[in-house]
$ cat upload_3.cif   # mmCIF, N, CA and C atoms and all ligand atoms
data_model
loop_
_atom_site.label_atom_id
_atom_site.label_comp_id
_atom_site.auth_asym_id
_atom_site.auth_seq_id
_atom_site.Cartn_x
_atom_site.Cartn_y
_atom_site.Cartn_z
N MET A 104 98.25 102.51 84.85
CA MET A 104 99.69 102.35 84.59
C MET A 104 100.47 103.37 85.41
N GLY A 105 101.65 102.95 85.84
CA GLY A 105 102.48 103.91 86.53
C GLY A 105 103.15 103.32 87.74
N VAL A 106 103.75 104.21 88.47
CA VAL A 106 104.43 103.79 89.69
C VAL A 106 103.57 104.23 90.85
N GLU A 107 103.26 103.29 91.73
CA GLU A 107 102.39 103.61 92.85
C GLU A 107 103.12 103.46 94.16
N ASP A 108 102.78 104.31 95.08
CA ASP A 108 103.19 104.09 96.45
C ASP A 108 102.21 103.11 97.06
N ALA A 109 102.70 101.96 97.43
CA ALA A 109 101.81 100.94 97.97
C ALA A 109 101.74 100.98 99.49
N GLY A 110 102.40 101.97 100.08
CA GLY A 110 102.31 102.11 101.53
C GLY A 110 103.30 101.22 102.24
N ARG A 111 103.12 101.09 103.49
CA ARG A 111 104.03 100.29 104.30
C ARG A 111 103.79 98.82 104.05
N ALA A 112 104.87 98.07 103.94
CA ALA A 112 104.75 96.65 103.64
C ALA A 112 104.68 95.84 104.93
N GLY A 113 103.92 94.78 104.90
CA GLY A 113 103.82 93.92 106.05
C GLY A 113 104.23 92.49 105.72
N ASP A 114 105.29 92.36 104.95
CA ASP A 114 105.64 91.04 104.43
C ASP A 114 106.95 90.50 105.00
N GLY A 115 107.39 91.03 106.12
CA GLY A 115 108.59 90.49 106.75
C GLY A 115 109.88 91.09 106.25
N LEU A 116 109.80 91.93 105.24
CA LEU A 116 111.01 92.57 104.74
C LEU A 116 111.39 93.73 105.66
N PRO A 117 112.67 94.12 105.63
CA PRO A 117 113.07 95.27 106.46
C PRO A 117 112.22 96.49 106.12
N SER A 118 111.79 97.21 107.15
CA SER A 118 110.93 98.37 106.90
C SER A 118 111.69 99.68 107.07
N ALA A 119 112.92 99.61 107.51
CA ALA A 119 113.70 100.83 107.72
C ALA A 119 114.91 100.84 106.79
N CYS A 120 115.28 102.03 106.39
CA CYS A 120 116.44 102.20 105.51
C CYS A 120 117.71 101.75 106.22
N PRO A 121 118.52 100.87 105.60
CA PRO A 121 119.76 100.42 106.25
C PRO A 121 120.81 101.52 106.34
N ARG A 122 120.60 102.62 105.62
CA ARG A 122 121.60 103.68 105.60
C ARG A 122 121.26 104.78 106.60
N CYS A 123 119.98 105.21 106.63
CA CYS A 123 119.66 106.34 107.49
C CYS A 123 118.52 106.05 108.46
N GLY A 124 117.85 104.89 108.34
CA GLY A 124 116.84 104.51 109.31
C GLY A 124 115.44 105.02 109.05
N GLU A 125 115.24 105.80 107.99
CA GLU A 125 113.89 106.27 107.63
C GLU A 125 113.03 105.07 107.23
N ALA A 126 111.71 105.21 107.37
CA ALA A 126 110.81 104.14 106.96
C ALA A 126 110.80 104.04 105.43
N LEU A 127 110.99 102.84 104.92
CA LEU A 127 111.02 102.65 103.48
C LEU A 127 109.61 102.66 102.91
N VAL A 128 109.49 103.11 101.67
CA VAL A 128 108.22 103.15 100.97
C VAL A 128 108.23 102.05 99.91
N GLN A 129 107.16 101.28 99.86
CA GLN A 129 107.07 100.22 98.86
C GLN A 129 106.62 100.81 97.53
N LYS A 130 107.33 100.45 96.47
CA LYS A 130 106.98 100.93 95.14
C LYS A 130 106.65 99.72 94.27
N ILE A 131 105.57 99.84 93.52
CA ILE A 131 105.22 98.79 92.57
C ILE A 131 105.00 99.43 91.22
N SER A 132 105.66 98.91 90.22
CA SER A 132 105.56 99.46 88.89
C SER A 132 104.93 98.45 87.96
N ASP A 133 104.07 98.94 87.10
CA ASP A 133 103.49 98.03 86.09
C ASP A 133 103.89 98.50 84.70
N TYR A 134 105.08 99.07 84.61
CA TYR A 134 105.54 99.56 83.31
C TYR A 134 105.91 98.46 82.35
N GLY A 135 104.96 97.59 82.10
CA GLY A 135 104.96 96.79 80.89
C GLY A 135 106.00 95.74 80.63
N TRP A 136 106.92 95.47 81.53
CA TRP A 136 107.87 94.43 81.16
C TRP A 136 107.21 93.08 81.33
N ARG A 137 106.78 92.48 80.25
CA ARG A 137 106.10 91.19 80.25
C ARG A 137 104.94 91.17 81.25
N ARG A 138 104.35 92.34 81.46
CA ARG A 138 103.16 92.49 82.30
C ARG A 138 103.34 91.93 83.70
N LYS A 139 104.56 91.89 84.15
CA LYS A 139 104.83 91.38 85.48
C LYS A 139 105.18 92.57 86.35
N PRO A 140 104.40 92.86 87.39
CA PRO A 140 104.73 94.03 88.20
C PRO A 140 106.06 93.85 88.91
N ASN A 141 106.84 94.88 88.95
CA ASN A 141 108.09 94.88 89.67
C ASN A 141 107.92 95.68 90.95
N GLU A 142 108.65 95.28 91.93
CA GLU A 142 108.48 95.88 93.25
C GLU A 142 109.85 96.23 93.81
N TRP A 143 109.91 97.39 94.44
CA TRP A 143 111.14 97.74 95.14
C TRP A 143 110.81 98.66 96.29
N ARG A 144 111.79 98.99 97.09
CA ARG A 144 111.61 99.88 98.24
C ARG A 144 112.49 101.10 98.07
N ARG A 145 111.92 102.23 98.48
CA ARG A 145 112.68 103.47 98.35
C ARG A 145 112.69 104.20 99.67
N CYS A 146 113.83 104.78 100.01
CA CYS A 146 113.92 105.58 101.22
C CYS A 146 113.64 107.03 100.87
N PRO A 147 112.61 107.63 101.50
CA PRO A 147 112.32 109.04 101.20
C PRO A 147 113.38 109.98 101.78
N GLY A 148 114.21 109.45 102.69
CA GLY A 148 115.21 110.30 103.31
C GLY A 148 116.45 110.47 102.44
N CYS A 149 117.10 109.33 102.12
CA CYS A 149 118.39 109.43 101.42
C CYS A 149 118.33 108.87 100.01
N GLY A 150 117.20 108.32 99.60
CA GLY A 150 117.10 107.83 98.23
C GLY A 150 117.57 106.40 98.03
N TRP A 151 117.90 105.71 99.12
CA TRP A 151 118.34 104.32 99.01
C TRP A 151 117.25 103.48 98.35
N LEU A 152 117.67 102.54 97.48
CA LEU A 152 116.73 101.64 96.83
C LEU A 152 117.14 100.20 97.08
N GLY A 153 116.14 99.34 97.26
CA GLY A 153 116.40 97.91 97.38
C GLY A 153 115.24 97.14 96.80
N ARG A 154 115.53 95.93 96.35
CA ARG A 154 114.44 95.11 95.83
C ARG A 154 114.33 93.85 96.66
N PRO A 155 113.09 93.30 96.79
CA PRO A 155 112.91 92.06 97.53
C PRO A 155 113.65 90.92 96.86
N ASP A 156 114.03 89.95 97.65
CA ASP A 156 114.71 88.77 97.13
C ASP A 156 113.75 87.95 96.28
N LEU A 157 114.21 87.56 95.10
CA LEU A 157 113.32 86.81 94.20
C LEU A 157 113.07 85.40 94.73
N GLY A 158 113.92 84.93 95.59
CA GLY A 158 113.73 83.60 96.15
C GLY A 158 112.89 83.60 97.41
N GLY A 159 112.33 84.76 97.78
CA GLY A 159 111.43 84.81 98.91
C GLY A 159 112.09 84.99 100.26
N ARG A 160 113.42 85.15 100.29
CA ARG A 160 114.07 85.39 101.57
C ARG A 160 113.75 86.81 102.06
N PRO A 161 113.68 87.01 103.38
CA PRO A 161 113.26 88.33 103.91
C PRO A 161 114.39 89.35 103.90
N ILE A 162 114.96 89.58 102.75
CA ILE A 162 116.04 90.55 102.64
C ILE A 162 115.80 91.45 101.45
N LEU A 163 116.44 92.60 101.47
CA LEU A 163 116.40 93.52 100.35
C LEU A 163 117.78 93.59 99.72
N HIS A 164 117.82 93.54 98.39
CA HIS A 164 119.09 93.66 97.69
C HIS A 164 119.27 95.12 97.28
N PRO A 165 120.34 95.75 97.74
CA PRO A 165 120.53 97.16 97.39
C PRO A 165 120.83 97.36 95.91
N PHE A 166 120.41 98.50 95.41
CA PHE A 166 120.75 98.89 94.05
C PHE A 166 122.10 99.59 94.06
N ARG A 167 122.76 99.58 92.93
CA ARG A 167 124.03 100.30 92.82
C ARG A 167 123.89 101.37 91.75
N ARG A 168 124.77 102.34 91.83
CA ARG A 168 124.76 103.43 90.86
C ARG A 168 125.40 102.96 89.56
N LEU A 169 124.80 103.34 88.45
CA LEU A 169 125.34 102.97 87.15
C LEU A 169 126.24 104.06 86.61
N THR A 170 127.17 103.64 85.77
CA THR A 170 128.03 104.61 85.11
C THR A 170 127.98 104.36 83.61
N GLY A 171 128.44 105.32 82.85
CA GLY A 171 128.54 105.13 81.40
C GLY A 171 127.21 105.26 80.69
N GLU A 172 127.05 104.49 79.61
CA GLU A 172 125.92 104.70 78.72
C GLU A 172 124.58 104.35 79.36
N PHE A 173 124.59 103.52 80.41
CA PHE A 173 123.33 103.14 81.03
C PHE A 173 122.97 104.01 82.23
N ALA A 174 123.77 105.01 82.51
CA ALA A 174 123.53 105.85 83.69
C ALA A 174 122.43 106.88 83.46
N ASP A 175 122.15 107.20 82.18
CA ASP A 175 121.15 108.22 81.89
C ASP A 175 119.77 107.57 81.69
N CYS A 176 118.74 108.22 82.22
CA CYS A 176 117.38 107.67 82.13
C CYS A 176 116.88 107.74 80.68
N VAL A 177 116.36 106.59 80.19
CA VAL A 177 115.83 106.59 78.82
C VAL A 177 114.44 107.22 78.76
N PHE A 178 113.80 107.43 79.91
CA PHE A 178 112.45 107.98 79.93
C PHE A 178 112.46 109.51 80.03
N CYS A 179 113.19 110.01 81.03
CA CYS A 179 113.14 111.46 81.25
C CYS A 179 114.43 112.16 80.81
N GLY A 180 115.48 111.36 80.48
CA GLY A 180 116.70 111.94 79.97
C GLY A 180 117.64 112.49 81.02
N TRP A 181 117.29 112.33 82.29
CA TRP A 181 118.14 112.86 83.36
C TRP A 181 119.48 112.11 83.34
N GLU A 182 120.56 112.86 83.50
CA GLU A 182 121.88 112.23 83.44
C GLU A 182 122.29 111.66 84.79
N ASP A 183 122.93 110.52 84.73
CA ASP A 183 123.47 109.85 85.92
C ASP A 183 122.40 109.63 86.99
N SER A 184 121.18 109.32 86.57
CA SER A 184 120.09 109.15 87.53
C SER A 184 119.74 107.69 87.76
N ASN A 185 120.30 106.79 86.98
CA ASN A 185 119.88 105.39 87.06
C ASN A 185 120.62 104.59 88.12
N LEU A 186 119.84 103.76 88.80
CA LEU A 186 120.40 102.79 89.73
C LEU A 186 120.01 101.41 89.22
N ALA A 187 120.86 100.41 89.46
CA ALA A 187 120.58 99.06 88.97
C ALA A 187 120.61 98.07 90.12
N SER A 188 119.74 97.05 90.01
CA SER A 188 119.75 95.98 90.98
C SER A 188 120.91 95.04 90.70
N GLU A 189 121.15 94.12 91.64
CA GLU A 189 122.02 92.99 91.31
C GLU A 189 121.40 92.22 90.16
N SER A 190 122.22 91.60 89.37
CA SER A 190 121.69 90.86 88.22
C SER A 190 120.96 89.60 88.68
N PHE A 191 120.04 89.17 87.85
CA PHE A 191 119.28 87.94 88.12
C PHE A 191 118.97 87.29 86.79
N VAL A 192 118.62 86.00 86.85
CA VAL A 192 118.34 85.26 85.62
C VAL A 192 116.84 85.16 85.43
N ASP A 193 116.37 85.53 84.25
CA ASP A 193 114.96 85.39 83.93
C ASP A 193 114.84 84.85 82.52
N ASN A 194 114.19 83.73 82.39
CA ASN A 194 113.90 83.18 81.08
C ASN A 194 115.16 83.03 80.21
N GLY A 195 116.23 82.58 80.84
CA GLY A 195 117.44 82.33 80.09
C GLY A 195 118.33 83.54 79.86
N TRP A 196 117.94 84.69 80.43
CA TRP A 196 118.74 85.90 80.27
C TRP A 196 119.20 86.41 81.62
N LEU A 197 120.43 86.89 81.62
CA LEU A 197 120.92 87.61 82.78
C LEU A 197 120.40 89.05 82.68
N CYS A 198 119.68 89.48 83.69
CA CYS A 198 119.00 90.79 83.62
C CYS A 198 119.33 91.63 84.85
N GLU A 199 119.04 92.91 84.76
CA GLU A 199 119.06 93.77 85.94
C GLU A 199 117.94 94.79 85.82
N TRP A 200 117.44 95.19 86.96
CA TRP A 200 116.45 96.26 86.98
C TRP A 200 117.16 97.59 87.04
N ILE A 201 116.66 98.52 86.27
CA ILE A 201 117.20 99.87 86.31
C ILE A 201 116.08 100.82 86.73
N VAL A 202 116.34 101.61 87.76
CA VAL A 202 115.35 102.55 88.28
C VAL A 202 115.93 103.95 88.20
N CYS A 203 115.13 104.88 87.68
CA CYS A 203 115.56 106.27 87.59
C CYS A 203 115.21 106.99 88.89
N GLN A 204 116.19 107.62 89.49
CA GLN A 204 115.94 108.36 90.73
C GLN A 204 115.18 109.65 90.48
N ALA A 205 115.26 110.16 89.26
CA ALA A 205 114.61 111.43 88.98
C ALA A 205 113.11 111.27 88.76
N CYS A 206 112.72 110.30 87.90
CA CYS A 206 111.29 110.18 87.57
C CYS A 206 110.66 108.92 88.14
N GLY A 207 111.44 108.00 88.68
CA GLY A 207 110.90 106.82 89.33
C GLY A 207 110.51 105.69 88.40
N ARG A 208 110.69 105.90 87.09
CA ARG A 208 110.34 104.82 86.18
C ARG A 208 111.46 103.79 86.13
N GLU A 209 111.10 102.59 85.75
CA GLU A 209 112.09 101.52 85.77
C GLU A 209 111.91 100.64 84.56
N ASN A 210 112.95 99.95 84.21
CA ASN A 210 112.83 98.92 83.19
C ASN A 210 113.85 97.83 83.48
N VAL A 211 113.73 96.75 82.73
CA VAL A 211 114.64 95.63 82.91
C VAL A 211 115.56 95.56 81.71
N ARG A 212 116.83 95.50 81.99
CA ARG A 212 117.82 95.43 80.92
C ARG A 212 118.36 94.01 80.84
N ARG A 213 118.38 93.47 79.63
CA ARG A 213 119.02 92.18 79.42
C ARG A 213 120.51 92.41 79.22
N ILE A 214 121.32 91.78 80.03
CA ILE A 214 122.76 91.98 79.95
C ILE A 214 123.37 91.01 78.94
N GLU A 215 123.08 89.73 79.12
CA GLU A 215 123.60 88.72 78.21
C GLU A 215 122.85 87.42 78.44
N ARG A 216 123.01 86.49 77.50
CA ARG A 216 122.45 85.16 77.68
C ARG A 216 123.03 84.50 78.92
N ALA A 217 122.17 83.97 79.77
CA ALA A 217 122.67 83.30 80.95
C ALA A 217 123.29 81.96 80.55
N PRO A 218 124.35 81.57 81.25
CA PRO A 218 124.91 80.25 80.96
C PRO A 218 123.90 79.15 81.26
N GLU A 219 123.91 78.13 80.46
CA GLU A 219 122.94 77.02 80.64
C GLU A 219 123.18 76.32 81.97
ZN ZN A 301 117.76 106.30 103.86
ZN ZN A 302 113.90 109.27 84.56
#
$ encode --input "upload_3.cif" --output "structure tokens" --more "lines below"
Ligand SMILES: [Zn+2]
Ligand SMILES: [Zn+2]
Amino acid sequence: MGVEDAGRAGDGLPSACPRCGEALVQKISDYGWRRKPNEWRRCPGCGWLGRPDLGGRPILHPFRRLTGEFADCVFCGWEDSNLASESFVDNGWLCEWIVCQACGRENVRRIERAPE
């Protein structure tokens, strides 16, 4: 269990940070959300995060900084450390991934029921 550095990816996704050009590191987490591993990319230079497109397109969706009650990490307690992906629909719920910049752990937050 945990977050692993899976090394350089060879799957057609961008390999360089769009912000500073550093080589992105592939991260895969198996932290228990319905036992489905989540994957994202992290820039060791500036901390940029992106996740692969769920529809298989060769693009990365950038994470955004969270504010308010969801900005603090529920795992390590670090304040204003959470970044969130663009929302996506899973199993009838509108969800977003939240990744802590301090400890690297992530979880999926259900925002609301997705419209039918
Ligand atoms: Zn960067
Ligand atoms: Zn944390």
$ axis_aligned_box --input "upload_3.cif" --around "segment 162-180 of chain A" --padding-each-side "5 Å" --output "JSON"
{"center_x": 120.5, "center_y": 101.0, "center_z": 90.7, "size_x": 26.1, "size_y": 32.9, "size_z": 34.0}
$ residues_around --input "upload_3.cif" --residues "Leu163 of chain A" --least-positions-apart "5" --cutoff "6.5 Å" --atoms "all atoms listed in the file" --output "PDB file with N, CA and C atoms, in the coordinates of the input"
ATOM      1  N   LEU A 116     109.800  91.930 105.240  1.00  0.00           N
ATOM      2  CA  LEU A 116     111.010  92.570 104.740  1.00  0.00           C
ATOM      3  C   LEU A 116     111.390  93.730 105.660  1.00  0.00           C
ATOM      4  N   PRO A 117     112.670  94.120 105.630  1.00  0.00           N
ATOM      5  CA  PRO A 117     113.070  95.270 106.460  1.00  0.00           C
ATOM      6  C   PRO A 117     112.220  96.490 106.120  1.00  0.00           C
ATOM      7  N   GLY A 153     116.140  99.340  97.260  1.00  0.00           N
ATOM      8  CA  GLY A 153     116.400  97.910  97.380  1.00  0.00           C
ATOM      9  C   GLY A 153     115.240  97.140  96.800  1.00  0.00           C
ATOM     10  N   ARG A 154     115.530  95.930  96.350  1.00  0.00           N
ATOM     11  CA  ARG A 154     114.440  95.110  95.830  1.00  0.00           C
ATOM     12  C   ARG A 154     114.330  93.850  96.660  1.00  0.00           C
ATOM     13  N   PRO A 155     113.090  93.300  96.790  1.00  0.00           N
ATOM     14  CA  PRO A 155     112.910  92.060  97.530  1.00  0.00           C
ATOM     15  C   PRO A 155     113.650  90.920  96.860  1.00  0.00           C
ATOM     16  N   ASP A 156     114.030  89.950  97.650  1.00  0.00           N
ATOM     17  CA  ASP A 156     114.710  88.770  97.130  1.00  0.00           C
ATOM     18  C   ASP A 156     113.750  87.950  96.280  1.00  0.00           C
TER      19      ASP A 156
END
$ closest_residue --input "upload_3.cif" --among "A:Glu142, A:Glu125, A:Glu209, A:Asp193" --to "ligand ZN 302 (chain A)" --atoms "all atoms listed in the file"
A:Glu209
$ select_by_dssp --input "upload_3.cif" --residues "segment 106-217 of chain A" --states "strand (DSSP E or B)" --output "PyMOL selection string"
chain A and resi 106-110+119+126+128-132+141-145+152-155+163-165+167-168+185-187+191-193+196-203+209-216
$ closest_residue --input "upload_3.cif" --among "A:Ile162, A:Val202, A:Ala187, A:Val211" --to "ligand ZN 302 (chain A)" --atoms "all atoms listed in the file"
A:Val202
$ residues_near_ligand --input "upload_3.cif" --ligand "ligand ZN 302 (chain A)" --cutoff "10 Å" --atoms "only C-alpha atoms and all ligand atoms" --output "PyMOL selection string"
chain A and resi 175-185+202-209
$ residues_near_ligand --input "upload_3.cif" --ligand "ligand ZN 301 (chain A)" --cutoff "6 Å" --atoms "only C-alpha atoms and all ligand atoms" --output "number ranges by chain"
A: 120, 122-125, 146, 148-151
$ residues_around --input "upload_3.cif" --residues "Pro218 of chain A" --least-positions-apart "3" --cutoff "8 Å" --atoms "only N, CA and C atoms" --output "list in words"
Gly195, Trp196, Leu197 and Glu215 of chain A
$ atom_distance --input "upload_3.cif" --atom1 "atom CA of Ser190 of chain A" --atom2 "atom CA of Ala217 of chain A"
10.5 Å
$ atom_distance --input "upload_3.cif" --atom1 "atom N of Ser188 of chain A" --atom2 "atom N of Pro161 of chain A"
17.8 Å
$ closest_residue --input "upload_3.cif" --among "A:His164, A:Leu152, A:Asn194, A:Glu199" --to "Arg213 of chain A" --atoms "all atoms listed in the file"
A:Glu199
$ decode --input "upload_3.cif" --residues "segment 188-216 of chain A" --atoms "N, CA and C atoms" --output "compact mmCIF listing (two decimals), in the first residue's frame"
# COMPACT_ATOMS: atom_id res chain seq x y z
N SER A 188 -8.33 17.66 -8.84
CA SER A 188 -8.46 17.51 -10.28
C SER A 188 -9.73 18.18 -10.76
N GLU A 189 -9.87 18.29 -12.08
CA GLU A 189 -11.18 18.62 -12.63
C GLU A 189 -12.16 17.54 -12.22
N SER A 190 -13.40 17.90 -12.08
CA SER A 190 -14.39 16.91 -11.67
C SER A 190 -14.66 15.91 -12.79
N PHE A 191 -15.10 14.74 -12.38
CA PHE A 191 -15.45 13.68 -13.34
C PHE A 191 -16.59 12.88 -12.75
N VAL A 192 -17.28 12.13 -13.61
CA VAL A 192 -18.42 11.35 -13.15
C VAL A 192 -18.00 9.90 -12.97
N ASP A 193 -18.29 9.34 -11.81
CA ASP A 193 -18.01 7.94 -11.57
C ASP A 193 -19.20 7.33 -10.85
N ASN A 194 -19.77 6.32 -11.45
CA ASN A 194 -20.84 5.57 -10.80
C ASN A 194 -21.99 6.48 -10.33
N GLY A 195 -22.33 7.44 -11.16
CA GLY A 195 -23.46 8.30 -10.84
C GLY A 195 -23.14 9.48 -9.93
N TRP A 196 -21.85 9.64 -9.59
CA TRP A 196 -21.46 10.75 -8.72
C TRP A 196 -20.47 11.64 -9.44
N LEU A 197 -20.64 12.93 -9.21
CA LEU A 197 -19.64 13.88 -9.64
C LEU A 197 -18.52 13.89 -8.59
N CYS A 198 -17.31 13.60 -9.02
CA CYS A 198 -16.20 13.41 -8.07
C CYS A 198 -15.01 14.28 -8.47
N GLU A 199 -14.08 14.43 -7.55
CA GLU A 199 -12.78 15.01 -7.88
C GLU A 199 -11.72 14.31 -7.04
N TRP A 200 -10.54 14.24 -7.61
CA TRP A 200 -9.40 13.72 -6.86
C TRP A 200 -8.77 14.84 -6.08
N ILE A 201 -8.41 14.53 -4.87
CA ILE A 201 -7.69 15.50 -4.05
C ILE A 201 -6.34 14.90 -3.67
N VAL A 202 -5.27 15.64 -3.95
CA VAL A 202 -3.92 15.17 -3.66
C VAL A 202 -3.26 16.17 -2.73
N CYS A 203 -2.63 15.64 -1.68
CA CYS A 203 -1.92 16.49 -0.72
C CYS A 203 -0.50 16.70 -1.21
N GLN A 204 -0.09 17.95 -1.32
CA GLN A 204 1.27 18.26 -1.75
C GLN A 204 2.29 17.95 -0.67
N ALA A 205 1.85 17.93 0.57
CA ALA A 205 2.80 17.71 1.66
C ALA A 205 3.16 16.24 1.81
N CYS A 206 2.13 15.36 1.86
CA CYS A 206 2.42 13.94 2.12
C CYS A 206 2.19 13.05 0.91
N GLY A 207 1.58 13.57 -0.16
CA GLY A 207 1.41 12.81 -1.38
C GLY A 207 0.23 11.87 -1.38
N ARG A 208 -0.51 11.81 -0.28
CA ARG A 208 -1.67 10.92 -0.27
C ARG A 208 -2.85 11.58 -0.98
N GLU A 209 -3.74 10.75 -1.46
CA GLU A 209 -4.85 11.28 -2.23
C GLU A 209 -6.12 10.55 -1.88
N ASN A 210 -7.22 11.19 -2.13
CA ASN A 210 -8.50 10.50 -2.04
C ASN A 210 -9.46 11.11 -3.04
N VAL A 211 -10.61 10.46 -3.17
CA VAL A 211 -11.62 10.95 -4.09
C VAL A 211 -12.78 11.50 -3.29
N ARG A 212 -13.16 12.70 -3.62
CA ARG A 212 -14.27 13.35 -2.93
C ARG A 212 -15.49 13.33 -3.83
N ARG A 213 -16.61 12.89 -3.26
CA ARG A 213 -17.87 12.99 -3.99
C ARG A 213 -18.44 14.38 -3.79
N ILE A 214 -18.70 15.08 -4.87
CA ILE A 214 -19.19 16.45 -4.77
C ILE A 214 -20.72 16.45 -4.68
N GLU A 215 -21.35 15.78 -5.63
CA GLU A 215 -22.80 15.70 -5.64
C GLU A 215 -23.23 14.63 -6.61
N ARG A 216 -24.51 14.24 -6.52
CA ARG A 216 -25.06 13.31 -7.49
C ARG A 216 -24.97 13.89 -8.89
